[in-house]
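Asks: For reference, the file upload-v7.tsv (TSV, N, CA and C atoms) is included below:
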```
chain	number	residue	atom	x	y	z
A	3	MET	N	36.96	66.34	127.69
A	3	MET	CA	35.74	66.53	128.43
A	3	MET	C	35.97	67.59	129.51
A	4	LEU	N	34.96	68.44	129.71
A	4	LEU	CA	35.03	69.47	130.74
A	4	LEU	C	34.88	68.84	132.12
A	5	LYS	N	35.49	69.48	133.10
A	5	LYS	CA	35.43	68.96	134.47
A	5	LYS	C	34.14	69.42	135.15
A	6	LEU	N	33.68	68.60	136.09
A	6	LEU	CA	32.41	68.84	136.76
A	6	LEU	C	32.58	68.88	138.27
A	7	SER	N	31.95	69.88	138.89
A	7	SER	CA	31.79	69.93	140.34
A	7	SER	C	30.33	69.70	140.66
A	8	ILE	N	30.08	68.87	141.66
A	8	ILE	CA	28.73	68.71	142.19
A	8	ILE	C	28.72	69.36	143.56
A	9	VAL	N	27.77	70.25	143.79
A	9	VAL	CA	27.67	70.91	145.09
A	9	VAL	C	26.42	70.44	145.80
A	10	ILE	N	26.58	70.20	147.10
A	10	ILE	CA	25.49	69.68	147.93
A	10	ILE	C	25.49	70.46	149.24
A	11	LEU	N	24.35	71.02	149.60
A	11	LEU	CA	24.19	71.66	150.90
A	11	LEU	C	23.70	70.61	151.87
A	12	THR	N	24.30	70.57	153.04
A	12	THR	CA	23.89	69.57	154.03
A	12	THR	C	23.61	70.19	155.38
A	13	PHE	N	22.73	69.55	156.11
A	13	PHE	CA	22.48	69.78	157.53
A	13	PHE	C	21.79	68.53	158.05
A	14	ASN	N	22.47	67.79	158.87
A	14	ASN	CA	21.94	66.54	159.42
A	14	ASN	C	21.37	65.64	158.32
A	15	SER	N	22.21	65.34	157.37
A	15	SER	CA	21.81	64.61	156.16
A	15	SER	C	22.25	63.16	156.14
A	16	GLN	N	22.57	62.59	157.29
A	16	GLN	CA	23.13	61.24	157.34
A	16	GLN	C	22.21	60.18	156.74
A	17	LYS	N	20.91	60.38	156.76
A	17	LYS	CA	19.96	59.35	156.34
A	17	LYS	C	20.18	58.92	154.89
A	18	TYR	N	20.42	59.86	154.00
A	18	TYR	CA	20.54	59.56	152.57
A	18	TYR	C	21.94	59.78	152.01
A	19	LEU	N	22.84	60.36	152.78
A	19	LEU	CA	24.08	60.88	152.22
A	19	LEU	C	24.96	59.83	151.54
A	20	SER	N	25.07	58.65	152.06
A	20	SER	CA	25.89	57.62	151.41
A	20	SER	C	25.38	57.33	150.00
A	21	LYS	N	24.07	57.17	149.85
A	21	LYS	CA	23.50	56.90	148.53
A	21	LYS	C	23.69	58.10	147.60
A	22	VAL	N	23.52	59.28	148.13
A	22	VAL	CA	23.71	60.50	147.34
A	22	VAL	C	25.15	60.56	146.83
A	23	LEU	N	26.11	60.38	147.72
A	23	LEU	CA	27.53	60.49	147.34
A	23	LEU	C	27.95	59.35	146.43
A	24	ASN	N	27.39	58.17	146.60
A	24	ASN	CA	27.69	57.07	145.68
A	24	ASN	C	27.26	57.41	144.26
A	25	SER	N	26.21	58.20	144.12
A	25	SER	CA	25.74	58.57	142.78
A	25	SER	C	26.59	59.67	142.16
A	26	CYS	N	27.51	60.23	142.93
A	26	CYS	CA	28.34	61.36	142.47
A	26	CYS	C	29.79	60.99	142.19
A	27	THR	N	30.15	59.75	142.29
A	27	THR	CA	31.56	59.37	142.20
A	27	THR	C	32.20	59.67	140.86
A	28	PHE	N	31.41	59.91	139.82
A	28	PHE	CA	31.95	60.23	138.50
A	28	PHE	C	32.43	61.67	138.39
A	29	ALA	N	32.04	62.53	139.32
A	29	ALA	CA	32.40	63.95	139.26
A	29	ALA	C	33.87	64.16	139.62
A	30	ASP	N	34.43	65.23	139.10
A	30	ASP	CA	35.81	65.58	139.41
A	30	ASP	C	35.94	66.14	140.83
A	31	GLU	N	34.85	66.74	141.30
A	31	GLU	CA	34.82	67.30	142.65
A	31	GLU	C	33.40	67.20	143.17
A	32	VAL	N	33.28	66.82	144.44
A	32	VAL	CA	32.00	66.91	145.14
A	32	VAL	C	32.26	67.83	146.33
A	33	LEU	N	31.54	68.94	146.35
A	33	LEU	CA	31.72	69.94	147.39
A	33	LEU	C	30.49	69.95	148.28
A	34	ILE	N	30.70	69.63	149.54
A	34	ILE	CA	29.63	69.68	150.53
A	34	ILE	C	29.82	70.94	151.35
A	35	VAL	N	28.77	71.73	151.42
A	35	VAL	CA	28.78	72.90	152.29
A	35	VAL	C	27.77	72.61	153.40
A	36	ASP	N	28.30	72.36	154.58
A	36	ASP	CA	27.50	71.93	155.71
A	36	ASP	C	27.25	73.10	156.66
A	37	SER	N	26.03	73.19	157.16
A	37	SER	CA	25.67	74.30	158.03
A	37	SER	C	25.50	73.87	159.49
A	38	GLY	N	26.43	73.04	159.97
A	38	GLY	CA	26.46	72.71	161.39
A	38	GLY	C	25.81	71.40	161.78
A	39	SER	N	25.92	70.40	160.94
A	39	SER	CA	25.32	69.09	161.26
A	39	SER	C	25.84	68.57	162.60
A	40	ASN	N	24.95	67.95	163.36
A	40	ASN	CA	25.36	67.33	164.62
A	40	ASN	C	25.05	65.83	164.63
A	41	ASP	N	24.88	65.27	163.42
A	41	ASP	CA	24.73	63.83	163.28
A	41	ASP	C	26.01	63.30	162.60
A	42	ASN	N	25.93	62.23	161.85
A	42	ASN	CA	27.12	61.65	161.22
A	42	ASN	C	27.37	62.12	159.79
A	43	THR	N	26.75	63.23	159.39
A	43	THR	CA	26.90	63.74	158.03
A	43	THR	C	28.37	63.91	157.65
A	44	ILE	N	29.13	64.59	158.46
A	44	ILE	CA	30.54	64.88	158.14
A	44	ILE	C	31.35	63.59	158.09
A	45	GLU	N	31.14	62.69	159.03
A	45	GLU	CA	31.88	61.44	159.05
A	45	GLU	C	31.59	60.61	157.80
A	46	ILE	N	30.36	60.59	157.37
A	46	ILE	CA	29.99	59.86	156.15
A	46	ILE	C	30.68	60.50	154.95
A	47	ALA	N	30.62	61.81	154.85
A	47	ALA	CA	31.23	62.52	153.72
A	47	ALA	C	32.73	62.27	153.65
A	48	LYS	N	33.38	62.17	154.77
A	48	LYS	CA	34.84	61.95	154.80
A	48	LYS	C	35.25	60.60	154.24
A	49	THR	N	34.33	59.66	154.13
A	49	THR	CA	34.68	58.34	153.60
A	49	THR	C	34.73	58.32	152.08
A	50	PHE	N	34.36	59.42	151.43
A	50	PHE	CA	34.38	59.50	149.97
A	50	PHE	C	35.58	60.34	149.53
A	51	ASN	N	36.43	59.75	148.67
A	51	ASN	CA	37.69	60.37	148.29
A	51	ASN	C	37.56	61.69	147.54
A	52	ASN	N	36.60	61.82	146.66
A	52	ASN	CA	36.53	63.03	145.84
A	52	ASN	C	35.67	64.12	146.48
A	53	THR	N	35.41	63.99	147.79
A	53	THR	CA	34.52	64.92	148.48
A	53	THR	C	35.31	65.91	149.33
A	54	LYS	N	34.98	67.19	149.13
A	54	LYS	CA	35.55	68.28	149.92
A	54	LYS	C	34.43	68.81	150.81
A	55	ILE	N	34.73	69.06	152.07
A	55	ILE	CA	33.73	69.48	153.04
A	55	ILE	C	34.10	70.86	153.58
A	56	LEU	N	33.14	71.76	153.52
A	56	LEU	CA	33.32	73.09	154.09
A	56	LEU	C	32.19	73.36	155.07
A	57	ASN	N	32.51	74.04	156.15
A	57	ASN	CA	31.49	74.43	157.11
A	57	ASN	C	31.13	75.89	156.87
A	58	GLN	N	29.85	76.16	156.86
A	58	GLN	CA	29.37	77.52	156.64
A	58	GLN	C	28.09	77.73	157.43
A	59	LYS	N	28.09	78.72	158.30
A	59	LYS	CA	26.87	79.07	159.01
A	59	LYS	C	25.78	79.33	157.97
A	60	TRP	N	24.55	78.92	158.27
A	60	TRP	CA	23.43	79.04	157.34
A	60	TRP	C	23.20	80.49	156.97
A	61	LEU	N	23.20	80.76	155.68
A	61	LEU	CA	23.02	82.10	155.15
A	61	LEU	C	21.63	82.30	154.54
A	62	GLY	N	20.84	81.26	154.51
A	62	GLY	CA	19.60	81.26	153.74
A	62	GLY	C	19.85	80.43	152.49
A	63	PHE	N	18.79	79.81	151.94
A	63	PHE	CA	19.00	78.85	150.87
A	63	PHE	C	19.71	79.44	149.66
A	64	GLY	N	19.23	80.55	149.14
A	64	GLY	CA	19.83	81.14	147.94
A	64	GLY	C	21.28	81.54	148.14
A	65	LYS	N	21.56	82.21	149.23
A	65	LYS	CA	22.94	82.66	149.50
A	65	LYS	C	23.86	81.49	149.77
A	66	GLN	N	23.36	80.48	150.47
A	66	GLN	CA	24.18	79.31	150.78
A	66	GLN	C	24.53	78.56	149.49
A	67	LYS	N	23.53	78.39	148.62
A	67	LYS	CA	23.77	77.70	147.36
A	67	LYS	C	24.74	78.49	146.49
A	68	GLN	N	24.59	79.82	146.43
A	68	GLN	CA	25.49	80.64	145.64
A	68	GLN	C	26.91	80.56	146.17
A	69	LYS	N	27.07	80.55	147.49
A	69	LYS	CA	28.40	80.42	148.10
A	69	LYS	C	29.03	79.10	147.67
A	70	ALA	N	28.26	78.02	147.70
A	70	ALA	CA	28.77	76.70	147.29
A	70	ALA	C	29.18	76.72	145.83
A	71	VAL	N	28.36	77.30	144.98
A	71	VAL	CA	28.69	77.38	143.55
A	71	VAL	C	29.96	78.19	143.35
A	72	ASN	N	30.08	79.31	144.05
A	72	ASN	CA	31.28	80.14	143.92
A	72	ASN	C	32.54	79.42	144.38
A	73	LEU	N	32.41	78.54	145.37
A	73	LEU	CA	33.56	77.81	145.90
A	73	LEU	C	33.93	76.59	145.06
A	74	ALA	N	33.04	76.16	144.21
A	74	ALA	CA	33.34	75.01	143.35
A	74	ALA	C	34.52	75.35	142.45
A	75	LYS	N	35.46	74.41	142.30
A	75	LYS	CA	36.68	74.70	141.55
A	75	LYS	C	36.49	74.60	140.04
A	76	ASN	N	35.44	73.93	139.60
A	76	ASN	CA	35.23	73.76	138.17
A	76	ASN	C	34.16	74.71	137.64
A	77	ARG	N	34.27	75.00	136.37
A	77	ARG	CA	33.35	75.92	135.69
A	77	ARG	C	31.95	75.32	135.58
A	78	TRP	N	31.86	74.02	135.33
A	78	TRP	CA	30.57	73.34	135.21
A	78	TRP	C	30.17	72.77	136.55
A	79	VAL	N	28.94	73.08	136.95
A	79	VAL	CA	28.45	72.72	138.27
A	79	VAL	C	27.10	72.04	138.15
A	80	PHE	N	26.91	71.01	138.95
A	80	PHE	CA	25.60	70.38	139.11
A	80	PHE	C	25.21	70.56	140.57
A	81	VAL	N	24.03	71.14	140.81
A	81	VAL	CA	23.54	71.34	142.17
A	81	VAL	C	22.61	70.18	142.51
A	82	LEU	N	22.92	69.51	143.62
A	82	LEU	CA	22.16	68.33	144.04
A	82	LEU	C	21.72	68.52	145.48
A	83	ASP	N	20.46	68.22	145.77
A	83	ASP	CA	19.99	68.27	147.15
A	83	ASP	C	20.53	67.07	147.91
A	84	SER	N	20.61	67.19	149.23
A	84	SER	CA	21.23	66.14	150.05
A	84	SER	C	20.37	64.90	150.22
A	85	ASP	N	19.20	64.89	149.60
A	85	ASP	CA	18.37	63.67	149.63
A	85	ASP	C	18.05	63.20	148.22
A	86	GLU	N	18.82	63.66	147.24
A	86	GLU	CA	18.62	63.28	145.84
A	86	GLU	C	19.78	62.42	145.35
A	87	ARG	N	19.53	61.70	144.27
A	87	ARG	CA	20.58	60.90	143.65
A	87	ARG	C	20.58	61.15	142.16
A	88	ILE	N	21.75	61.01	141.57
A	88	ILE	CA	21.90	61.09	140.12
A	88	ILE	C	21.78	59.67	139.58
A	89	THR	N	20.80	59.46	138.71
A	89	THR	CA	20.62	58.12	138.13
A	89	THR	C	21.74	57.84	137.13
A	90	ASN	N	21.92	56.57	136.79
A	90	ASN	CA	22.92	56.21	135.79
A	90	ASN	C	22.61	56.87	134.45
A	91	GLU	N	21.33	56.95	134.11
A	91	GLU	CA	20.94	57.59	132.84
A	91	GLU	C	21.30	59.06	132.84
A	92	LEU	N	21.05	59.75	133.94
A	92	LEU	CA	21.40	61.17	134.03
A	92	LEU	C	22.91	61.35	134.01
A	93	LYS	N	23.62	60.49	134.71
A	93	LYS	CA	25.09	60.54	134.69
A	93	LYS	C	25.61	60.46	133.26
A	94	GLU	N	25.11	59.51	132.49
A	94	GLU	CA	25.55	59.35	131.10
A	94	GLU	C	25.22	60.59	130.27
A	95	GLU	N	24.04	61.17	130.48
A	95	GLU	CA	23.67	62.38	129.76
A	95	GLU	C	24.59	63.55	130.12
A	96	ILE	N	24.90	63.69	131.40
A	96	ILE	CA	25.80	64.76	131.84
A	96	ILE	C	27.17	64.60	131.20
A	97	LEU	N	27.72	63.39	131.28
A	97	LEU	CA	29.05	63.15	130.72
A	97	LEU	C	29.08	63.40	129.21
A	98	GLU	N	28.02	63.02	128.53
A	98	GLU	CA	27.94	63.25	127.09
A	98	GLU	C	27.89	64.75	126.78
A	99	GLU	N	27.09	65.48	127.52
A	99	GLU	CA	26.97	66.94	127.29
A	99	GLU	C	28.28	67.65	127.58
A	100	LEU	N	29.01	67.20	128.59
A	100	LEU	CA	30.26	67.87	128.96
A	100	LEU	C	31.36	67.67	127.93
A	101	LYS	N	31.14	66.79	126.98
A	101	LYS	CA	32.11	66.64	125.88
A	101	LYS	C	32.10	67.87	124.99
A	102	SER	N	30.92	68.44	124.79
A	102	SER	CA	30.77	69.62	123.93
A	102	SER	C	29.41	70.26	124.21
A	103	PRO	N	29.32	71.04	125.29
A	103	PRO	CA	28.02	71.61	125.68
A	103	PRO	C	27.42	72.50	124.59
A	104	LYS	N	26.13	72.35	124.39
A	104	LYS	CA	25.41	73.16	123.41
A	104	LYS	C	24.74	74.36	124.08
A	105	PHE	N	24.57	74.31	125.39
A	105	PHE	CA	23.88	75.36	126.13
A	105	PHE	C	24.70	75.74	127.36
A	106	ASP	N	24.34	76.87	127.98
A	106	ASP	CA	25.02	77.31	129.20
A	106	ASP	C	24.40	76.70	130.45
A	107	ALA	N	23.17	76.18	130.34
A	107	ALA	CA	22.48	75.59	131.48
A	107	ALA	C	21.50	74.54	130.98
A	108	TYR	N	21.22	73.59	131.86
A	108	TYR	CA	20.34	72.48	131.49
A	108	TYR	C	19.31	72.24	132.59
A	109	PHE	N	18.06	72.07	132.15
A	109	PHE	CA	17.00	71.66	133.06
A	109	PHE	C	17.09	70.16	133.28
A	110	THR	N	16.75	69.74	134.49
A	110	THR	CA	16.72	68.32	134.82
A	110	THR	C	15.35	67.99	135.39
A	111	PRO	N	14.70	66.95	134.90
A	111	PRO	CA	13.42	66.58	135.50
A	111	PRO	C	13.65	65.89	136.84
A	112	ARG	N	12.81	66.22	137.78
A	112	ARG	CA	12.95	65.64	139.11
A	112	ARG	C	11.68	64.88	139.46
A	113	LEU	N	11.84	63.68	139.98
A	113	LEU	CA	10.71	62.88	140.44
A	113	LEU	C	10.63	63.03	141.95
A	114	ASN	N	9.61	63.71	142.41
A	114	ASN	CA	9.43	63.94	143.85
A	114	ASN	C	8.87	62.69	144.51
A	115	ASN	N	9.32	62.46	145.73
A	115	ASN	CA	8.87	61.32	146.50
A	115	ASN	C	8.36	61.85	147.83
A	116	PHE	N	7.13	61.48	148.17
A	116	PHE	CA	6.52	61.95	149.40
A	116	PHE	C	6.05	60.76	150.20
A	117	TRP	N	6.60	60.59	151.38
A	117	TRP	CA	6.26	59.48	152.27
A	117	TRP	C	6.43	58.14	151.56
A	118	GLY	N	7.50	58.02	150.79
A	118	GLY	CA	7.83	56.76	150.13
A	118	GLY	C	7.10	56.51	148.83
A	119	LYS	N	6.33	57.47	148.36
A	119	LYS	CA	5.59	57.29	147.11
A	119	LYS	C	6.03	58.35	146.09
A	120	ASN	N	6.32	57.87	144.86
A	120	ASN	CA	6.65	58.79	143.79
A	120	ASN	C	5.40	59.56	143.38
A	121	ILE	N	5.54	60.87	143.22
A	121	ILE	CA	4.41	61.73	142.87
A	121	ILE	C	4.53	62.09	141.39
A	122	LYS	N	3.67	61.50	140.58
A	122	LYS	CA	3.70	61.75	139.14
A	122	LYS	C	2.45	62.48	138.65
A	123	HIS	N	1.72	63.10	139.56
A	123	HIS	CA	0.53	63.85	139.19
A	123	HIS	C	0.53	65.18	139.94
A	124	LEU	N	-0.54	65.93	139.87
A	124	LEU	CA	-0.66	67.24	140.52
A	124	LEU	C	0.34	68.25	139.98
A	125	GLY	N	0.87	68.00	138.78
A	125	GLY	CA	1.84	68.91	138.19
A	125	GLY	C	3.23	68.82	138.80
A	126	LEU	N	3.48	67.78	139.59
A	126	LEU	CA	4.77	67.63	140.27
A	126	LEU	C	5.77	66.78	139.49
A	127	TYR	N	5.38	66.24	138.35
A	127	TYR	CA	6.33	65.49	137.53
A	127	TYR	C	6.00	65.71	136.07
A	128	PRO	N	6.98	65.97	135.28
A	128	PRO	CA	8.36	66.19	135.71
A	128	PRO	C	8.52	67.59	136.29
A	129	ASP	N	9.21	67.68	137.38
A	129	ASP	CA	9.46	68.93	138.08
A	129	ASP	C	10.81	69.45	137.60
A	130	TYR	N	10.81	70.22	136.51
A	130	TYR	CA	12.06	70.67	135.90
A	130	TYR	C	12.69	71.82	136.68
A	131	SER	N	13.99	71.74	136.86
A	131	SER	CA	14.75	72.86	137.44
A	131	SER	C	16.15	72.84	136.85
A	132	ILE	N	16.75	74.02	136.78
A	132	ILE	CA	18.13	74.10	136.27
A	132	ILE	C	19.05	73.52	137.33
A	133	ARG	N	19.81	72.51	136.96
A	133	ARG	CA	20.72	71.86	137.88
A	133	ARG	C	22.16	71.84	137.36
A	134	LEU	N	22.33	71.75	136.06
A	134	LEU	CA	23.67	71.70	135.45
A	134	LEU	C	23.88	73.01	134.71
A	135	PHE	N	24.99	73.69	135.00
A	135	PHE	CA	25.21	74.98	134.36
A	135	PHE	C	26.69	75.37	134.38
A	136	ASP	N	27.02	76.30	133.48
A	136	ASP	CA	28.33	76.93	133.44
A	136	ASP	C	28.26	78.12	134.40
A	137	LYS	N	28.98	78.05	135.50
A	137	LYS	CA	28.85	79.07	136.53
A	137	LYS	C	29.39	80.44	136.11
A	138	THR	N	30.08	80.50	135.00
A	138	THR	CA	30.58	81.80	134.53
A	138	THR	C	29.55	82.54	133.68
A	139	LYS	N	28.43	81.94	133.42
A	139	LYS	CA	27.39	82.56	132.57
A	139	LYS	C	26.27	83.13	133.39
```
Output the structure of this file as structure tokens.
Replies:
Amino acid sequence: MLKLSIVILTFNSQKYLSKVLNSCTFADEVLIVDSGSNDNTIEIAKTFNNTKILNQKWLGFGKQKQKAVNLAKNRWVFVLDSDERITNELKEEILEELKSPKFDAYFTPRLNNFWGKNIKHLGLYPDYSIRLFDKTK
């Protein structure tokens, strides 16, 4: 099976970070690129063994995400927002695909939540975006 890095950009992400990182424990590497949190984000991240933390002044979303992807040690990368979680079903799909990937990148459906309510209308679900990819392609 191919190795996986999960990259997460953080800034004052303590509210959800424990749940986010608990959903990532199957990855070979979890790379957090933090842009100067002044809450407990870093302390929470340090409690997870497979998590690497880097500090980076905010470069803008695209540049910050690209920097994180470039710093990931593995060829296969999953980009996760700091308030998202990987479900068990998605985890199983990722692990199965990494046995023998058929594509260079994979779209993932996202269920948006607004003020505690899942949004499944207005064209917001499924909100597909490329999240799993071979960073060399």
Asks: Pull the alpha helix (DSSP H) assignments for chain A out of DSSP run on the backbone, and list those residues as number ranges by chain.
Replies: A: 16-24, 43-48, 63-73, 90-99
Asks: Kindly save the residues from that selection, with N, CA and C atoms included, as an mmCIF file, keeping the file's coordinate frame.
Replies:
```cif
data_model
loop_
_atom_site.group_PDB
_atom_site.id
_atom_site.type_symbol
_atom_site.label_atom_id
_atom_site.label_comp_id
_atom_site.auth_asym_id
_atom_site.auth_seq_id
_atom_site.Cartn_x
_atom_site.Cartn_y
_atom_site.Cartn_z
ATOM 1 N N GLN A 16 22.570 62.590 157.290
ATOM 2 C CA GLN A 16 23.130 61.240 157.340
ATOM 3 C C GLN A 16 22.210 60.180 156.740
ATOM 4 N N LYS A 17 20.910 60.380 156.760
ATOM 5 C CA LYS A 17 19.960 59.350 156.340
ATOM 6 C C LYS A 17 20.180 58.920 154.890
ATOM 7 N N TYR A 18 20.420 59.860 154.000
ATOM 8 C CA TYR A 18 20.540 59.560 152.570
ATOM 9 C C TYR A 18 21.940 59.780 152.010
ATOM 10 N N LEU A 19 22.840 60.360 152.780
ATOM 11 C CA LEU A 19 24.080 60.880 152.220
ATOM 12 C C LEU A 19 24.960 59.830 151.540
ATOM 13 N N SER A 20 25.070 58.650 152.060
ATOM 14 C CA SER A 20 25.890 57.620 151.410
ATOM 15 C C SER A 20 25.380 57.330 150.000
ATOM 16 N N LYS A 21 24.070 57.170 149.850
ATOM 17 C CA LYS A 21 23.500 56.900 148.530
ATOM 18 C C LYS A 21 23.690 58.100 147.600
ATOM 19 N N VAL A 22 23.520 59.280 148.130
ATOM 20 C CA VAL A 22 23.710 60.500 147.340
ATOM 21 C C VAL A 22 25.150 60.560 146.830
ATOM 22 N N LEU A 23 26.110 60.380 147.720
ATOM 23 C CA LEU A 23 27.530 60.490 147.340
ATOM 24 C C LEU A 23 27.950 59.350 146.430
ATOM 25 N N ASN A 24 27.390 58.170 146.600
ATOM 26 C CA ASN A 24 27.690 57.070 145.680
ATOM 27 C C ASN A 24 27.260 57.410 144.260
ATOM 28 N N THR A 43 26.750 63.230 159.390
ATOM 29 C CA THR A 43 26.900 63.740 158.030
ATOM 30 C C THR A 43 28.370 63.910 157.650
ATOM 31 N N ILE A 44 29.130 64.590 158.460
ATOM 32 C CA ILE A 44 30.540 64.880 158.140
ATOM 33 C C ILE A 44 31.350 63.590 158.090
ATOM 34 N N GLU A 45 31.140 62.690 159.030
ATOM 35 C CA GLU A 45 31.880 61.440 159.050
ATOM 36 C C GLU A 45 31.590 60.610 157.800
ATOM 37 N N ILE A 46 30.360 60.590 157.370
ATOM 38 C CA ILE A 46 29.990 59.860 156.150
ATOM 39 C C ILE A 46 30.680 60.500 154.950
ATOM 40 N N ALA A 47 30.620 61.810 154.850
ATOM 41 C CA ALA A 47 31.230 62.520 153.720
ATOM 42 C C ALA A 47 32.730 62.270 153.650
ATOM 43 N N LYS A 48 33.380 62.170 154.770
ATOM 44 C CA LYS A 48 34.840 61.950 154.800
ATOM 45 C C LYS A 48 35.250 60.600 154.240
ATOM 46 N N PHE A 63 18.790 79.810 151.940
ATOM 47 C CA PHE A 63 19.000 78.850 150.870
ATOM 48 C C PHE A 63 19.710 79.440 149.660
ATOM 49 N N GLY A 64 19.230 80.550 149.140
ATOM 50 C CA GLY A 64 19.830 81.140 147.940
ATOM 51 C C GLY A 64 21.280 81.540 148.140
ATOM 52 N N LYS A 65 21.560 82.210 149.230
ATOM 53 C CA LYS A 65 22.940 82.660 149.500
ATOM 54 C C LYS A 65 23.860 81.490 149.770
ATOM 55 N N GLN A 66 23.360 80.480 150.470
ATOM 56 C CA GLN A 66 24.180 79.310 150.780
ATOM 57 C C GLN A 66 24.530 78.560 149.490
ATOM 58 N N LYS A 67 23.530 78.390 148.620
ATOM 59 C CA LYS A 67 23.770 77.700 147.360
ATOM 60 C C LYS A 67 24.740 78.490 146.490
ATOM 61 N N GLN A 68 24.590 79.820 146.430
ATOM 62 C CA GLN A 68 25.490 80.640 145.640
ATOM 63 C C GLN A 68 26.910 80.560 146.170
ATOM 64 N N LYS A 69 27.070 80.550 147.490
ATOM 65 C CA LYS A 69 28.400 80.420 148.100
ATOM 66 C C LYS A 69 29.030 79.100 147.670
ATOM 67 N N ALA A 70 28.260 78.020 147.700
ATOM 68 C CA ALA A 70 28.770 76.700 147.290
ATOM 69 C C ALA A 70 29.180 76.720 145.830
ATOM 70 N N VAL A 71 28.360 77.300 144.980
ATOM 71 C CA VAL A 71 28.690 77.380 143.550
ATOM 72 C C VAL A 71 29.960 78.190 143.350
ATOM 73 N N ASN A 72 30.080 79.310 144.050
ATOM 74 C CA ASN A 72 31.280 80.140 143.920
ATOM 75 C C ASN A 72 32.540 79.420 144.380
ATOM 76 N N LEU A 73 32.410 78.540 145.370
ATOM 77 C CA LEU A 73 33.560 77.810 145.900
ATOM 78 C C LEU A 73 33.930 76.590 145.060
ATOM 79 N N ASN A 90 21.920 56.570 136.790
ATOM 80 C CA ASN A 90 22.920 56.210 135.790
ATOM 81 C C ASN A 90 22.610 56.870 134.450
ATOM 82 N N GLU A 91 21.330 56.950 134.110
ATOM 83 C CA GLU A 91 20.940 57.590 132.840
ATOM 84 C C GLU A 91 21.300 59.060 132.840
ATOM 85 N N LEU A 92 21.050 59.750 133.940
ATOM 86 C CA LEU A 92 21.400 61.170 134.030
ATOM 87 C C LEU A 92 22.910 61.350 134.010
ATOM 88 N N LYS A 93 23.620 60.490 134.710
ATOM 89 C CA LYS A 93 25.090 60.540 134.690
ATOM 90 C C LYS A 93 25.610 60.460 133.260
ATOM 91 N N GLU A 94 25.110 59.510 132.490
ATOM 92 C CA GLU A 94 25.550 59.350 131.100
ATOM 93 C C GLU A 94 25.220 60.590 130.270
ATOM 94 N N GLU A 95 24.040 61.170 130.480
ATOM 95 C CA GLU A 95 23.670 62.380 129.760
ATOM 96 C C GLU A 95 24.590 63.550 130.120
ATOM 97 N N ILE A 96 24.900 63.690 131.400
ATOM 98 C CA ILE A 96 25.800 64.760 131.840
ATOM 99 C C ILE A 96 27.170 64.600 131.200
ATOM 100 N N LEU A 97 27.720 63.390 131.280
ATOM 101 C CA LEU A 97 29.050 63.150 130.720
ATOM 102 C C LEU A 97 29.080 63.400 129.210
ATOM 103 N N GLU A 98 28.020 63.020 128.530
ATOM 104 C CA GLU A 98 27.940 63.250 127.090
ATOM 105 C C GLU A 98 27.890 64.750 126.780
ATOM 106 N N GLU A 99 27.090 65.480 127.520
ATOM 107 C CA GLU A 99 26.970 66.940 127.290
ATOM 108 C C GLU A 99 28.280 67.650 127.580
#
```
Asks: I need the residues in region 44-127 of chain A that are strand (DSSP E) according to DSSP; give them as a list in words.
Replies: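 The residues of region 44-127 of chain A classed as strand (DSSP E) are Thr53, Lys54, Ile55, Leu56, Asn57, Trp78, Val79, Phe80, Val81, Leu82, Ala107, Tyr108, Phe109, Thr110, Asn115, Phe116, Lys119 and Asn120 of chain A.
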Asks: With only N, CA and C atoms as the atoms that count, which of A:Phe135, A:Asn76, A:Lys93, A:Thr43 lies nearest to Asp106 (chain A)?
Replies: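 So, comparing all the options, the nearest one is A:Phe135.
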Asks: As a PyMOL selection string, please: the residues near Thr27 (chain A) (cut-off 12 Å, only C-alpha atoms, same-chain neighbours under 4 positions excluded).
Replies: chain A and resi 6-8+20-23+31-33+47+49-53+87-90+93
Asks: Can you pull out every residue within 12 Å of Pro103 (chain A), counting only C-alpha atoms, but drop anything in the same chain fewer than 6 positions away, and send it as a ChimeraX atom specification?
Replies: /A:3-5,78,95-97,134-136
Asks: Go ahead and dump the residues you just picked, N, CA and C atoms, as an mmCIF file, keeping the file's coordinate frame.
Replies:
```cif
data_model
loop_
_atom_site.group_PDB
_atom_site.id
_atom_site.type_symbol
_atom_site.label_atom_id
_atom_site.label_comp_id
_atom_site.auth_asym_id
_atom_site.auth_seq_id
_atom_site.Cartn_x
_atom_site.Cartn_y
_atom_site.Cartn_z
ATOM 1 N N MET A 3 36.960 66.340 127.690
ATOM 2 C CA MET A 3 35.740 66.530 128.430
ATOM 3 C C MET A 3 35.970 67.590 129.510
ATOM 4 N N LEU A 4 34.960 68.440 129.710
ATOM 5 C CA LEU A 4 35.030 69.470 130.740
ATOM 6 C C LEU A 4 34.880 68.840 132.120
ATOM 7 N N LYS A 5 35.490 69.480 133.100
ATOM 8 C CA LYS A 5 35.430 68.960 134.470
ATOM 9 C C LYS A 5 34.140 69.420 135.150
ATOM 10 N N TRP A 78 31.860 74.020 135.330
ATOM 11 C CA TRP A 78 30.570 73.340 135.210
ATOM 12 C C TRP A 78 30.170 72.770 136.550
ATOM 13 N N GLU A 95 24.040 61.170 130.480
ATOM 14 C CA GLU A 95 23.670 62.380 129.760
ATOM 15 C C GLU A 95 24.590 63.550 130.120
ATOM 16 N N ILE A 96 24.900 63.690 131.400
ATOM 17 C CA ILE A 96 25.800 64.760 131.840
ATOM 18 C C ILE A 96 27.170 64.600 131.200
ATOM 19 N N LEU A 97 27.720 63.390 131.280
ATOM 20 C CA LEU A 97 29.050 63.150 130.720
ATOM 21 C C LEU A 97 29.080 63.400 129.210
ATOM 22 N N LEU A 134 22.330 71.750 136.060
ATOM 23 C CA LEU A 134 23.670 71.700 135.450
ATOM 24 C C LEU A 134 23.880 73.010 134.710
ATOM 25 N N PHE A 135 24.990 73.690 135.000
ATOM 26 C CA PHE A 135 25.210 74.980 134.360
ATOM 27 C C PHE A 135 26.690 75.370 134.380
ATOM 28 N N ASP A 136 27.020 76.300 133.480
ATOM 29 C CA ASP A 136 28.330 76.930 133.440
ATOM 30 C C ASP A 136 28.260 78.120 134.400
#
```
Asks: With distances taken over only C-alpha atoms, which residue among A:Asp36, A:Glu45, A:Asp30, A:Asp129 lies nearest Val79 (chain A)?
Replies: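 Of the candidates, the smallest distance to Val79 (chain A) is held by A:Asp30.
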